[in-house]
4 protein chains.
Amino acid sequence: MKALVYLGPGKKALQERPKPVLGAATDAIVRITKTTICGTDLHILKGDVPSCEPGRILGHEGVGIIDQVGPAVTTFRPGQPVLISCISSCGICVYCRRLMYSHCLTGGWILGNRIDGTQAEFARIPYADTSLYLIPEGADEEALVMLSDVLPTGFECGVLNGRVQPGSTVAIVGAGPIGLAALLTAQFFSPAEIIMVDVDSERLVIATRFGATAVINSAGSDALEAIMKRTDGRGVDTAIEAVGIPQTFELCEKVLAPGGVLANVGVHGTKVDLHLESLWDRNITITTRLVDTVSTPMLLNTVRSRKLDAKRLVTHRFRLDRIHDAYEAFAHAADTRALKVIIEA
Amino acid sequence: MKALVYLGPGKKALQERPKPVLGAATDAIVRITKTTICGTDLHILKGDVPSCEPGRILGHEGVGIIDQVGPAVTTFRPGQPVLISCISSCGICVYCRRLMYSHCLTGGWILGNRIDGTQAEFARIPYADTSLYLIPEGADEEALVMLSDVLPTGFECGVLNGRVQPGSTVAIVGAGPIGLAALLTAQFFSPAEIIMVDVDSERLVIATRFGATAVINSAGSDALEAIMKRTDGRGVDTAIEAVGIPQTFELCEKVLAPGGVLANVGVHGTKVDLHLESLWDRNITITTRLVDTVSTPMLLNTVRSRKLDAKRLVTHRFRLDRIHDAYEAFAHAADTRALKVIIEA
Amino acid sequence: MKALVYLGPGKKALQERPKPVLGAATDAIVRITKTTICGTDLHILKGDVPSCEPGRILGHEGVGIIDQVGPAVTTFRPGQPVLISCISSCGICVYCRRLMYSHCLTGGWILGNRIDGTQAEFARIPYADTSLYLIPEGADEEALVMLSDVLPTGFECGVLNGRVQPGSTVAIVGAGPIGLAALLTAQFFSPAEIIMVDVDSERLVIATRFGATAVINSAGSDALEAIMKRTDGRGVDTAIEAVGIPQTFELCEKVLAPGGVLANVGVHGTKVDLHLESLWDRNITITTRLVDTVSTPMLLNTVRSRKLDAKRLVTHRFRLDRIHDAYEAFAHAADTRALKVIIEA
Amino acid sequence: MKALVYLGPGKKALQERPKPVLGAATDAIVRITKTTICGTDLHILKGDVPSCEPGRILGHEGVGIIDQVGPAVTTFRPGQPVLISCISSCGICVYCRRLMYSHCLTGGWILGNRIDGTQAEFARIPYADTSLYLIPEGADEEALVMLSDVLPTGFECGVLNGRVQPGSTVAIVGAGPIGLAALLTAQFFSPAEIIMVDVDSERLVIATRFGATAVINSAGSDALEAIMKRTDGRGVDTAIEAVGIPQTFELCEKVLAPGGVLANVGVHGTKVDLHLESLWDRNITITTRLVDTVSTPMLLNTVRSRKLDAKRLVTHRFRLDRIHDAYEAFAHAADTRALKVIIEA
């Protein structure tokens with residue numbers, strides 16, 4: 001089968017690889033119909049993710065058709081269409097039993113990282129019963145690919161951790177796919193204000209279309225000042241960090257109202273300054289989270305009932321044999337205007 | 001001043017009464033600009049509310065202009081437009097300090113009940129600092145009258161107590177003003193389904209317009225069967241009782257899925273059968289609540305930010321000297337199609 | 001092997017039965033070392049549990065040694081000592097993924113009910129990975145048998161659902177094993193008062209020894225009056241119903257303070273009167289629950305760290321071949337002073 | 001009257017000052033019977049609290065007798081014994097109505113800071129109705145002085161924010177009065193382990209006496225290693241920072257298990273390093289809080305019901321005219337073994 005293989009920092013190739021075979025009794029083999037590329041895939045390609053070794057098939061998102069199931073898989077059978085979660089969950093360990101699938105002792109984020117992933121014609125999915133979701137009849141596959149990772153990440157790490165409430169004020173720093181996923185799902189809770197901050201004007205145009213009530217280009221203005229002005233000097237109830245660098249995290253620290261929540265979503269490579277000298281008495285909460293994908297059933301319901309138009313995140317489409325073009329488009333989003341790119345296998 | 005006075009069961013009159021004067025230092029006198037009629041006012045007129053004695057000026061909802069404030073009132077001054085909460089909260093007692101204003105030891109629902117109310121040209125409002133809300137600039141007064149009672153009641157007693165969630169399934173039994181208020185505010189949380197049940201087809205038409213995803217006329221069909229069918233036999237996550245009689249409460253008991261919540265909003269005059277023989281192991285929750293109006297600031301934000309179109313509940317308008325007509329319209333809603341009637345003082 | 005078999009209403013026999021064999025790949029066979037009898041077993045013997053058919057081996061509690069595991073069991077191996085949960089949880093279905101194991105679509109309370117149980121030398125335990133718990137080194141087996149059912153039931157259905165808090169006031173109606181389990185575990189949260197109500201003075205003596213701050217014999221006095229007096233007319237924050245009859249449930253309704261929680265633990269055979277005419281505006285919560293045993297890891301920690309002396313519930317010990325005597329002792333607790341009886345297999 | 005006056009960095013004097021008089025209608029004058037010294041008083045004396053100007057009477061803790069009340073005070077009358085909260089709460093502003101009294105727009109921590117405080121024979125207490133608590137009959141005054149600040153601070157900022165649970169594992173870094181207050185109140189929730197860390201062996205002896213299950217002297221050993229070893233490499237569920245310097249905060253960052261909570265209690269003067277490069281995917285929560293004293297009624301209940309022996313924190317007693325000695329004892333705790341010192345006015 002064809003598969004996109006990581007070959008070390010800066011290198012990847014579309015190779016012919018053997019079709020995966022069942023390993024554990026709880027495995028399933030899924031024929032991938034649609035997959036996509038995540039910012040984390042770019043991190044791997046930069047060599048920033050040591051757990052991902054050369055030779056690994058990339059990708060941790062996608063939908064497909066069950067091809068085979070191991071003898072212990074009870075809820076799926078060949079031929080069924082499924083959504084693949086980016087997080088593999090054994091359903092048994094102490095973390096899974098606390099609904100923290102991200103820290104599953106033998107799973108977590110392993111697809112396209114510690115084991116071969118989904119940017120291929122087939123993929124082996126461990127713990128199929130607890131890591132795949134049956135796709136509803138007649139569902140739009142492209143929309144559902146957004147439920148593998150980007151939407152639950154924005155929702156769980158940003159919106160749920162950020163305790164967005166009816167009538168509350170939210171700032172989302174970073175209008176990339178994850179920030180926009182937070183923007184879309186924050187609206188489940190009807191906040192009064194969602195202020196998007198980014199350095200890219202075109203992304204802010206999209207943010208406005210997606211429901212932001214105010215946008216701030218932090219390249220051309222003082223975002224802190226603009227947010228404080230917009231909130232009458234009060235600051236925001238929820239600040240969602242969706243970039244992953246010290247400057248944006250510290251902006252979030254500064255815009256929080258007393259009692260506010262800073263929900264970190266960004267992947268950080270270095271420490272940040274936490275200004276406890278001004279925050280120790282502000283009654284704030286800071287959260288971090290690797291997505292658990294516990295909200296997948298809820299998100300499937302919101303897609304089915306048209307409360308969430310997940311497909312709005314899809315901007316480009318490629319066939320698997322053009323996956324290098326897909327990476328180009330995704331990696332140069334400032335030029336290509338790409339949000340999420342669909343790859344048809 | 002003119003005031004509508006309760007004169008005993010079945011009797012009321014628009015009388016000339018002295019303008020109220022400040023009593024406690026925490027009182028305010030409010031010149032009423034708009035008020036409305038509540039189902040509870042009809043209960044009083046039937047003689048069902050013993051705490052309300054003949055001679056009482058009716059009404060516990062409204063907006064107006066501060067006329068005078070007592071010496072201990074610190075947040076309001078004459079001339080300011082304010083929203084009157086149906087619940088008076090001292091802000092000091094053990095219940096107020098737990099945010100259960102409904103059970104304030106010296107307040108609670110006293111307006112138009114234990115003390116004179118708002119269906120008059122002026123009203124004395126106790127505990128002004130904690131029972132009035134400054135109205136935002138340029139706000140629509142009619143919309144805000146809906147925030148005195150009907151919307152916080154639907155929201156707090158029905159939606160918040162009922163733990164409505166994104167993607168969840170909700171049934172609201174009763175499509176009167178309170179049920180419709182629950183319908184409007186349930187949408188803050190983006191449930192997948194809101195099934196409205198009533199015996200009045202025209203109210204169900206309104207429910208559909210207000211966002212119900214399914215409507216069931218329980219006069220003409222088996223509501224239990226219809227709800228179970230609509231939910232693939234599973235039942236609902238939240239059942240909101242907004243009628244106040246045994247049949248509708250028991251319908252709510254029966255439609256609950258395991259783990260579901262029955263949030264009672266209705267005012268009940270008799271006991272109901274609680275079928276513990278089938279519910280003891282269903283992991284359900286039943287809640288009752290007299291509105292606390294703790295959500296008023298949140299609701300004001302949702303009105304200001306256009307997440308809630310409160311005015312949709314207003315169907316009729318009368319001047320104070322036509323208040324008997326207003327009562328007629330409200331009391332015969334099946335004929336008049338009235339939801340909430342605005343009375344301009 | 002020897003096993004206690006239900007033979008229809010009023011009939012049971014200690015029979016020789018074949019040792020159970022592995023069925024599903026997720027099964028384990030456990031050699032029972034200690035088991036016990038539950039009030040539910042008595043209900044079955046009365047013929048009150050239609051799902052339990054004649055021929056069934058009784059019992060859903062116990063500790064033992066893993067004898068064999070199915071090929072899909074990953075966390076246990078023969079020879080390991082384990083605690084058996086009274087609830088079988090597949091770990092996969094929509095209810096298990098919401099931590100409502102009690103409503104597992106293919107599990108729940110099936111042991112000694114829909115499938116053969118633990119009052120035998122061996123038992124087949126479905127979903128071993130998610131329904132058994134490794135026993136800590138050197139643990140007291142008798143104490144741990146109390147963690148199969150009685151303690152998680154008192155804790156989850158009574159204490160957690162009842163939201164017991166530091167400094168709060170709790171009434172527990174029923175001082176049988178379940179009520180006493182609630183009493184022991186309520187103390188995890190340091191309430192100011194725990195008032196026990198029962199008709200048996202000797203049980204109330206035990207309740208005092210177990211930490212009750214007040215006891216009321218409802219046979220000889222007016223329990224409602226006594227509780228209201230003890231709480232200065234305020235009522236209790238939490239009322240835990242641990243009997244299962246209308247009178248005790250209605251007592252709980254009446255003793256609730258505004259804002260209080262009535263946590264039902266009792267198994268009810270008939271409907272009760274819910275006095276909504278006085279409760280509709282009292283801001284109360286009523287909960288029901290079949291134990292989920294989600295708290296088992298937490299309870300194991302509290303036993304290990306000596307925050308919970310689970311063994312205090314054990315009053316009698318029998319060998320398996322004397323299990324009829326054990327039933328006699330347990331069924332006539334008023335005479336025998338039995339709480340929980342240990343049966344050594 | 002005699003009063004301890006701050007005279008600028010490093011300077012204080014016991015001066016004769018006029019007895020305070022009622023200002024606002026909501027004020028009370030309290031004759032102080034017992035007060036104490038807080039670490040914050042030492043911060044002020046170092047000149048680290050710019051809001052506190054020379055000439056200010058110090059102190060924000062204490063119990064006393066109502067001497068006079070303003071005309072708007074409704075719940076107290078002269079002669080009643082009261083507990084003074086360190087936080088003044090207007091009960092009206094947006095923060096008070098959210099139970100965040102610490103951020104009261106006109107109150108908060110103002111006593112002995114922005115207005116004259118309690119280390120005097122009399123003190124003016126603003127917002128008496130919402131900032132004083134009637135003392136129960138026969139209560140021990142010394143114990144109750146601990147409820148003005150140190151116990152609610154340890155409890156709210158450390159234990160409640162830290163979500164201490166039955167069976168959970170807690171580390172408290174810092175065994176000063178605040179850390180010990182967290183230790184005492186953490187036991188309300190029956191955690192399995194409370195590991196105390198300090199550099200002072202004698203304080204660790206006290207910690208053991210107060211209920212710590214393990215103590216680590218971080219002067220003589222690697223605290224990180226010791227905590228990880230004690231928790232089998234897993235880390236702690238709750239880390240409470242009760243020192244206020246970068247090293248101890250960073251220790252707390254490192255000892256958190258996935259899903260853990262770091263509850264900051266310490267007063268920090270500089271920023272700290274937040275190691276997001278290792279924490280971004282650990283699903284942790286960090287909280288800060290200035291005490292709100294919302295738990296005062298709960299804590300009074302726990303003292304009254306003997307769940308909390310607040311007096312254990314009291315080590316020294318002085319009369320007001322010896323208050324300089326009290327400061328000496330408190331400031332040199334390593335030598336004097338002082339925890340909290342009582343000053344009798």
# chains A, B, ... in the order shown; residues from 1 in each chain; ligands from 1
>>> residues_around(residues="Ser88 of chain D", least_positions_apart="4", cutoff="6 Å", atoms="only C-alpha atoms", output="PyMOL selection string")
chain D and resi 107-108+131
>>> interface_residues(of="chain A", to="chain D", cutoff="10 Å", atoms="only C-alpha atoms", output="number ranges by chain")
A: 95, 98, 100, 102-103, 157, 161, 244-246, 249, 258-259, 261-292
>>> residues_around(residues="Thr185 of chain B", least_positions_apart="6", cutoff="9 Å", atoms="only C-alpha atoms", output="mmCIF file with all heavy atoms, in the first residue's frame")
data_model
loop_
_atom_site.group_PDB
_atom_site.id
_atom_site.type_symbol
_atom_site.label_atom_id
_atom_site.label_comp_id
_atom_site.auth_asym_id
_atom_site.auth_seq_id
_atom_site.Cartn_x
_atom_site.Cartn_y
_atom_site.Cartn_z
ATOM 1 N N LEU B 151 -37.787 34.595 32.182
ATOM 2 C CA LEU B 151 -36.574 34.022 31.608
ATOM 3 C C LEU B 151 -35.639 33.430 32.656
ATOM 4 O O LEU B 151 -35.184 32.298 32.494
ATOM 5 C CB LEU B 151 -35.876 35.049 30.713
ATOM 6 C CG LEU B 151 -36.561 35.155 29.336
ATOM 7 C CD1 LEU B 151 -36.124 36.416 28.620
ATOM 8 C CD2 LEU B 151 -36.270 33.935 28.472
ATOM 9 N N PRO B 152 -35.348 34.135 33.756
ATOM 10 C CA PRO B 152 -34.529 33.451 34.769
ATOM 11 C C PRO B 152 -35.199 32.190 35.315
ATOM 12 O O PRO B 152 -34.515 31.219 35.637
ATOM 13 C CB PRO B 152 -34.320 34.510 35.866
ATOM 14 C CG PRO B 152 -35.154 35.682 35.507
ATOM 15 C CD PRO B 152 -35.526 35.563 34.065
ATOM 16 N N GLY B 154 -37.241 30.046 33.655
ATOM 17 C CA GLY B 154 -37.021 28.976 32.675
ATOM 18 C C GLY B 154 -35.568 28.531 32.655
ATOM 19 O O GLY B 154 -35.261 27.332 32.571
ATOM 20 N N PHE B 155 -34.670 29.493 32.777
ATOM 21 C CA PHE B 155 -33.243 29.201 32.673
ATOM 22 C C PHE B 155 -32.706 28.505 33.922
ATOM 23 O O PHE B 155 -32.073 27.447 33.843
ATOM 24 C CB PHE B 155 -32.497 30.514 32.428
ATOM 25 C CG PHE B 155 -31.019 30.361 32.234
ATOM 26 C CD1 PHE B 155 -30.500 29.510 31.263
ATOM 27 C CD2 PHE B 155 -30.122 31.104 33.000
ATOM 28 C CE1 PHE B 155 -29.124 29.394 31.068
ATOM 29 C CE2 PHE B 155 -28.749 30.983 32.806
ATOM 30 C CZ PHE B 155 -28.257 30.129 31.849
ATOM 31 N N VAL B 159 -33.269 24.972 32.747
ATOM 32 C CA VAL B 159 -32.092 24.689 31.921
ATOM 33 C C VAL B 159 -30.852 24.409 32.760
ATOM 34 O O VAL B 159 -30.158 23.414 32.546
ATOM 35 C CB VAL B 159 -31.849 25.868 30.953
ATOM 36 C CG1 VAL B 159 -30.574 25.654 30.161
ATOM 37 C CG2 VAL B 159 -33.055 26.036 30.035
ATOM 38 N N LEU B 308 -29.830 36.186 22.989
ATOM 39 C CA LEU B 308 -31.173 35.903 23.471
ATOM 40 C C LEU B 308 -32.085 37.024 23.010
ATOM 41 O O LEU B 308 -31.840 38.191 23.316
ATOM 42 C CB LEU B 308 -31.166 35.844 25.012
ATOM 43 C CG LEU B 308 -32.531 35.655 25.682
ATOM 44 C CD1 LEU B 308 -33.169 34.332 25.274
ATOM 45 C CD2 LEU B 308 -32.375 35.702 27.202
#
>>> atom_distance(atom1="atom CA of Asp321 of chain B", atom2="atom CA of Gly10 of chain B")
19.0 Å
>>> select_by_dssp(residues="segment 110-344 of chain C", states="helix (DSSP H, G or I)", output="MDAnalysis selection string")
chainID C and resid 128:131 141:145 150:160 177:189 201:209 223:230 246:255 276:279 296:304 310:313 320:331 333:336
>>> atom_distance(atom1="atom CA of Ser221 of chain D", atom2="atom CA of Thr169 of chain D")
20.4 Å
>>> atom_distance(atom1="atom CA of Val205 of chain C", atom2="atom CA of Asp309 of chain C")
17.5 Å
>>> residues_around(residues="Asp129 of chain A", least_positions_apart="4", cutoff="10 Å", atoms="only C-alpha atoms", output="list in words")
Thr26, Asp27, Ala28, Val69, Ala72, Val73, Thr74, Thr75, Phe76, Ser88, Ser89, Cys90, Gly91, Ile125, Tyr133 and Leu134 of chain A; Gly91, Ile92 and Cys93 of chain C
>>> closest_residue(among="D:Val170, D:Ala334, D:Ile115, D:Leu22", to="Leu204 of chain D", atoms="only C-alpha atoms")
D:Ala334
>>> select_by_dssp(residues="segment 244-279 of chain D", states="strand (DSSP E)", output="ChimeraX atom specification")
/D:256-264,272-274
>>> residues_around(residues="Phe210 of chain D", least_positions_apart="4", cutoff="8 Å", atoms="only C-alpha atoms", output="ChimeraX atom specification")
/D:180,183-184,206
>>> write_last_selection(atoms="N, CA, C and O atoms", output="mmCIF file, in the first residue's frame")
data_model
loop_
_atom_site.group_PDB
_atom_site.id
_atom_site.type_symbol
_atom_site.label_atom_id
_atom_site.label_comp_id
_atom_site.auth_asym_id
_atom_site.auth_seq_id
_atom_site.Cartn_x
_atom_site.Cartn_y
_atom_site.Cartn_z
ATOM 1 N N LEU D 180 0.425 24.730 57.418
ATOM 2 C CA LEU D 180 -0.184 23.881 58.450
ATOM 3 C C LEU D 180 -1.702 24.041 58.465
ATOM 4 O O LEU D 180 -2.435 23.081 58.747
ATOM 5 N N LEU D 183 -2.808 21.840 55.874
ATOM 6 C CA LEU D 183 -2.699 20.465 56.364
ATOM 7 C C LEU D 183 -3.903 20.097 57.236
ATOM 8 O O LEU D 183 -4.501 19.028 57.087
ATOM 9 N N LEU D 184 -4.260 20.986 58.161
ATOM 10 C CA LEU D 184 -5.387 20.684 59.052
ATOM 11 C C LEU D 184 -6.690 20.547 58.264
ATOM 12 O O LEU D 184 -7.486 19.632 58.512
ATOM 13 N N ILE D 206 5.991 19.134 63.932
ATOM 14 C CA ILE D 206 4.623 19.615 64.161
ATOM 15 C C ILE D 206 3.684 19.088 63.074
ATOM 16 O O ILE D 206 2.569 18.645 63.354
#
>>> residues_around(residues="Cys86 of chain D", least_positions_apart="6", cutoff="8 Å", atoms="only C-alpha atoms", output="short mmCIF file (atom, residue, chain, number, x, y, z; two decimals) with N, CA and C atoms, in the first residue's frame")
data_model
loop_
_atom_site.label_atom_id
_atom_site.label_comp_id
_atom_site.auth_asym_id
_atom_site.auth_seq_id
_atom_site.Cartn_x
_atom_site.Cartn_y
_atom_site.Cartn_z
N HIS D 60 -5.36 42.52 60.46
CA HIS D 60 -6.60 42.24 59.73
C HIS D 60 -7.29 40.99 60.26
N GLU D 61 -6.94 40.60 61.46
CA GLU D 61 -7.53 39.40 62.06
C GLU D 61 -8.03 39.75 63.45
N TRP D 109 -9.09 42.93 50.72
CA TRP D 109 -8.17 43.07 51.83
C TRP D 109 -7.81 44.54 52.01
N LEU D 111 -8.38 46.02 55.49
CA LEU D 111 -8.07 46.19 56.91
C LEU D 111 -6.56 46.10 57.15
N SER D 148 -10.08 34.11 61.06
CA SER D 148 -10.09 35.41 60.36
C SER D 148 -9.36 35.32 59.03
N ASP D 149 -8.27 34.54 59.00
CA ASP D 149 -7.45 34.54 57.79
C ASP D 149 -6.75 33.21 57.54
N THR D 293 -12.79 34.14 51.97
CA THR D 293 -13.48 33.89 53.25
C THR D 293 -14.96 33.53 53.04
#
>>> closest_residue(among="B:Gln15, B:Asn301, B:Thr118, B:Thr296", to="Thr33 of chain B", atoms="only C-alpha atoms")
B:Thr118
>>> decode(residues="segment 292-307 of chain D", atoms="N, CA, C and O atoms", output="compact mmCIF listing (two decimals), in the first residue's frame")
# COMPACT_ATOMS: atom_id res chain seq x y z
N ASP D 292 -11.17 34.36 49.85
CA ASP D 292 -12.46 35.05 49.76
C ASP D 292 -13.21 35.02 51.09
O ASP D 292 -14.16 35.77 51.28
N THR D 293 -12.79 34.14 51.97
CA THR D 293 -13.48 33.89 53.25
C THR D 293 -14.96 33.53 53.04
O THR D 293 -15.78 33.77 53.92
N VAL D 294 -15.25 32.94 51.90
CA VAL D 294 -16.62 32.41 51.72
C VAL D 294 -16.86 31.17 52.53
O VAL D 294 -18.00 30.77 52.75
N SER D 295 -15.79 30.54 52.98
CA SER D 295 -15.95 29.29 53.72
C SER D 295 -16.07 29.53 55.22
O SER D 295 -16.14 28.57 55.98
N THR D 296 -16.10 30.78 55.65
CA THR D 296 -16.13 31.04 57.09
C THR D 296 -17.31 30.36 57.78
O THR D 296 -17.11 29.72 58.83
N PRO D 297 -18.53 30.43 57.25
CA PRO D 297 -19.62 29.72 57.95
C PRO D 297 -19.36 28.21 58.04
O PRO D 297 -19.62 27.59 59.08
N MET D 298 -18.85 27.63 56.95
CA MET D 298 -18.51 26.21 56.98
C MET D 298 -17.45 25.92 58.03
O MET D 298 -17.56 24.96 58.81
N LEU D 299 -16.43 26.76 58.08
CA LEU D 299 -15.35 26.53 59.05
C LEU D 299 -15.85 26.71 60.47
O LEU D 299 -15.45 25.95 61.37
N LEU D 300 -16.72 27.66 60.69
CA LEU D 300 -17.31 27.81 62.03
C LEU D 300 -18.04 26.53 62.42
O LEU D 300 -17.94 26.08 63.56
N ASN D 301 -18.74 25.94 61.48
CA ASN D 301 -19.42 24.67 61.76
C ASN D 301 -18.44 23.57 62.11
O ASN D 301 -18.70 22.74 62.98
N THR D 302 -17.32 23.54 61.41
CA THR D 302 -16.36 22.45 61.69
C THR D 302 -15.67 22.66 63.03
O THR D 302 -15.31 21.68 63.69
N VAL D 303 -15.49 23.92 63.42
CA VAL D 303 -14.92 24.18 64.75
C VAL D 303 -15.92 23.79 65.83
O VAL D 303 -15.60 23.08 66.78
N ARG D 304 -17.16 24.22 65.63
CA ARG D 304 -18.20 23.94 66.61
C ARG D 304 -18.40 22.43 66.79
O ARG D 304 -18.62 21.94 67.89
N SER D 305 -18.31 21.70 65.69
CA SER D 305 -18.56 20.25 65.76
C SER D 305 -17.27 19.47 66.00
O SER D 305 -17.26 18.25 65.86
N ARG D 306 -16.21 20.17 66.32
CA ARG D 306 -14.94 19.55 66.69
C ARG D 306 -14.33 18.70 65.57
O ARG D 306 -13.63 17.72 65.82
N LYS D 307 -14.61 19.08 64.32
CA LYS D 307 -13.90 18.44 63.21
C LYS D 307 -12.58 19.15 62.95
O LYS D 307 -11.73 18.66 62.22
